[in-house]
Amino acid sequence: NAGVTQTPKFQVLKTGQSMTLQCAQDMNHNSMYWYRQDPGMGLRLIYYSASEGTTDKGEVPNGYNVSRLNKREFSLRLESAAPSQTSVYFCASSEDGTGSKNIQYFGAGTRLSVL
Amino acid sequence: GENVEQHPSTLSVQEGDSAVIKCTYSDSASNYFPWYKQELGKGPQLIIDIRSNVGEKKDQRIAVTLNKTAKHFSLHITETQPEDSAVYFCAASTRGADGLTFGKGTHLIIQP
């Protein structure tokens, strides 16, 4: 039972380069999320997709774009990476947002360094 | 939007003693409060959660209490063990599908 799978696990970029972080879940969940984690800052929501075909901004969306490719996959794109985007990125999913179904399950993270 | 404050940032306790981590939230509409444990190099894992229609919930050595009037909730770990050493995060949610607002985390250290 894989749960939430993120690729790659590690990435080093130069300033200005672009890349896409991939996330896939095999739990048939409707809702998916991208967070970033910085030292001493906890996790902050970048974007989320409440259901297939919808995406919305979270707390820190600037510099990122997302695509909900299908029900399983939710990707995060950095068009022009900046050193301030050095962070650990986590993808999460939940069955949906209602009642007991909003429990979020997290992937293992992508550790990104922008030089 | 929601703001979640978590204290302390670091907590060191002797093995076998109890540990308490406290969080406050700002949005009275928040109705779901999970706690996550994160081990080094791994993603957060849910350990317990509570909803606004409940005041307390227990699962073996772990319990969570919620005071809606004061807008605070706490994690209690009894009979601490070395494997409890990790970073713990509290979070709050107003509308589940909109994502969670996290506290900044507590590094729990269990001293042998």
# chains A, B, ... in the order shown; residues from 1 in each chain; ligands from 1
>>> interface_residues(of="chain A", to="chain B", cutoff="7 Å", atoms="only C-alpha atoms", output="PyMOL selection string")
chain A and resi 31+33+40-45+48+50+96-98+102+106-109
>>> closest_residue(among="B:Ala70, B:Ala19, B:Val64, B:Ala29", to="B:Asp84", atoms="only C-alpha atoms")
B:Ala19
>>> closest_residue(among="B:Gln81, B:Thr69, B:Gln111, B:Ser74", to="B:Lys22", atoms="only C-alpha atoms")
B:Ser74
>>> decode(residues="stretch 83-113 of chain A", atoms="N, CA, C and O atoms", output="short mmCIF file (atom, residue, chain, number, x, y, z; two decimals), in the first residue's frame")
data_model
loop_
_atom_site.label_atom_id
_atom_site.label_comp_id
_atom_site.auth_asym_id
_atom_site.auth_seq_id
_atom_site.Cartn_x
_atom_site.Cartn_y
_atom_site.Cartn_z
N PRO A 83 16.23 31.16 -4.82
CA PRO A 83 16.77 30.59 -3.57
C PRO A 83 15.74 30.54 -2.44
O PRO A 83 15.80 29.64 -1.59
N SER A 84 14.79 31.48 -2.44
CA SER A 84 13.76 31.48 -1.39
C SER A 84 12.83 30.27 -1.47
O SER A 84 12.06 30.01 -0.55
N GLN A 85 12.91 29.54 -2.57
CA GLN A 85 12.08 28.34 -2.72
C GLN A 85 12.80 27.07 -2.26
O GLN A 85 12.25 25.97 -2.38
N THR A 86 14.00 27.23 -1.74
CA THR A 86 14.68 26.11 -1.09
C THR A 86 13.85 25.68 0.11
O THR A 86 13.59 26.49 1.01
N SER A 87 13.43 24.42 0.11
CA SER A 87 12.50 23.97 1.13
C SER A 87 12.29 22.47 0.99
O SER A 87 12.83 21.83 0.09
N VAL A 88 11.50 21.93 1.90
CA VAL A 88 11.02 20.56 1.75
C VAL A 88 9.54 20.65 1.38
O VAL A 88 8.77 21.32 2.07
N TYR A 89 9.17 19.99 0.31
CA TYR A 89 7.80 20.06 -0.20
C TYR A 89 7.07 18.76 0.08
O TYR A 89 7.57 17.67 -0.22
N PHE A 90 5.89 18.89 0.65
CA PHE A 90 5.07 17.72 0.96
C PHE A 90 3.75 17.78 0.21
O PHE A 90 3.08 18.82 0.18
N CYS A 91 3.39 16.65 -0.33
CA CYS A 91 2.08 16.46 -0.93
C CYS A 91 1.22 15.67 0.05
O CYS A 91 1.74 14.80 0.79
N ALA A 92 -0.06 15.95 0.09
CA ALA A 92 -0.98 15.22 0.96
C ALA A 92 -2.30 14.99 0.23
O ALA A 92 -2.60 15.68 -0.76
N SER A 93 -3.07 14.04 0.71
CA SER A 93 -4.40 13.81 0.13
C SER A 93 -5.38 13.46 1.23
O SER A 93 -4.99 12.99 2.31
N SER A 94 -6.66 13.70 0.95
CA SER A 94 -7.73 13.29 1.86
C SER A 94 -8.91 12.80 1.03
O SER A 94 -9.06 13.19 -0.14
N GLU A 95 -9.74 12.00 1.67
CA GLU A 95 -10.87 11.43 0.93
C GLU A 95 -11.72 12.55 0.34
O GLU A 95 -12.07 12.53 -0.84
N ASP A 96 -12.10 13.49 1.16
CA ASP A 96 -12.64 14.77 0.72
C ASP A 96 -12.62 15.69 1.91
O ASP A 96 -11.89 15.43 2.87
N GLY A 97 -13.34 16.80 1.87
CA GLY A 97 -13.23 17.76 2.95
C GLY A 97 -14.31 17.70 3.99
O GLY A 97 -14.38 18.56 4.85
N THR A 98 -15.14 16.68 3.93
CA THR A 98 -16.31 16.67 4.79
C THR A 98 -16.18 15.70 5.95
O THR A 98 -15.66 14.60 5.79
N GLY A 99 -16.67 16.13 7.10
CA GLY A 99 -16.76 15.27 8.27
C GLY A 99 -15.51 14.48 8.55
O GLY A 99 -14.42 15.02 8.59
N SER A 100 -15.64 13.18 8.72
CA SER A 100 -14.51 12.33 9.09
C SER A 100 -13.62 12.01 7.89
O SER A 100 -12.64 11.30 8.04
N LYS A 101 -13.97 12.51 6.72
CA LYS A 101 -13.22 12.17 5.52
C LYS A 101 -12.13 13.17 5.20
O LYS A 101 -11.53 13.11 4.13
N ASN A 102 -11.88 14.14 6.10
CA ASN A 102 -10.88 15.15 5.78
C ASN A 102 -9.53 14.87 6.43
O ASN A 102 -8.69 15.75 6.51
N ILE A 103 -9.28 13.64 6.87
CA ILE A 103 -7.98 13.28 7.40
C ILE A 103 -6.97 13.31 6.25
O ILE A 103 -7.19 12.69 5.22
N GLN A 104 -5.85 14.02 6.47
CA GLN A 104 -4.85 14.15 5.43
C GLN A 104 -3.69 13.18 5.65
O GLN A 104 -3.20 13.03 6.76
N TYR A 105 -3.27 12.54 4.55
CA TYR A 105 -2.15 11.61 4.55
C TYR A 105 -1.03 12.22 3.72
O TYR A 105 -1.27 12.68 2.60
N PHE A 106 0.19 12.18 4.26
CA PHE A 106 1.32 12.87 3.64
C PHE A 106 2.28 11.91 2.96
O PHE A 106 2.48 10.77 3.39
N GLY A 107 2.92 12.43 1.91
CA GLY A 107 4.02 11.74 1.28
C GLY A 107 5.31 11.96 2.07
O GLY A 107 5.32 12.65 3.09
N ALA A 108 6.41 11.39 1.57
CA ALA A 108 7.70 11.46 2.27
C ALA A 108 8.46 12.75 2.00
O ALA A 108 9.46 13.03 2.66
N GLY A 109 8.02 13.53 1.03
CA GLY A 109 8.62 14.83 0.80
C GLY A 109 9.63 14.86 -0.34
O GLY A 109 10.21 13.83 -0.71
N THR A 110 9.82 16.06 -0.90
CA THR A 110 10.86 16.35 -1.89
C THR A 110 11.73 17.45 -1.31
O THR A 110 11.22 18.52 -0.98
N ARG A 111 13.03 17.16 -1.18
CA ARG A 111 13.95 18.15 -0.63
C ARG A 111 14.60 18.90 -1.79
O ARG A 111 15.35 18.31 -2.56
N LEU A 112 14.29 20.20 -1.89
CA LEU A 112 14.72 21.02 -3.01
C LEU A 112 15.68 22.10 -2.54
O LEU A 112 15.40 22.82 -1.59
N SER A 113 16.81 22.18 -3.24
CA SER A 113 17.76 23.26 -2.99
C SER A 113 17.91 24.08 -4.26
O SER A 113 18.11 23.50 -5.35
#
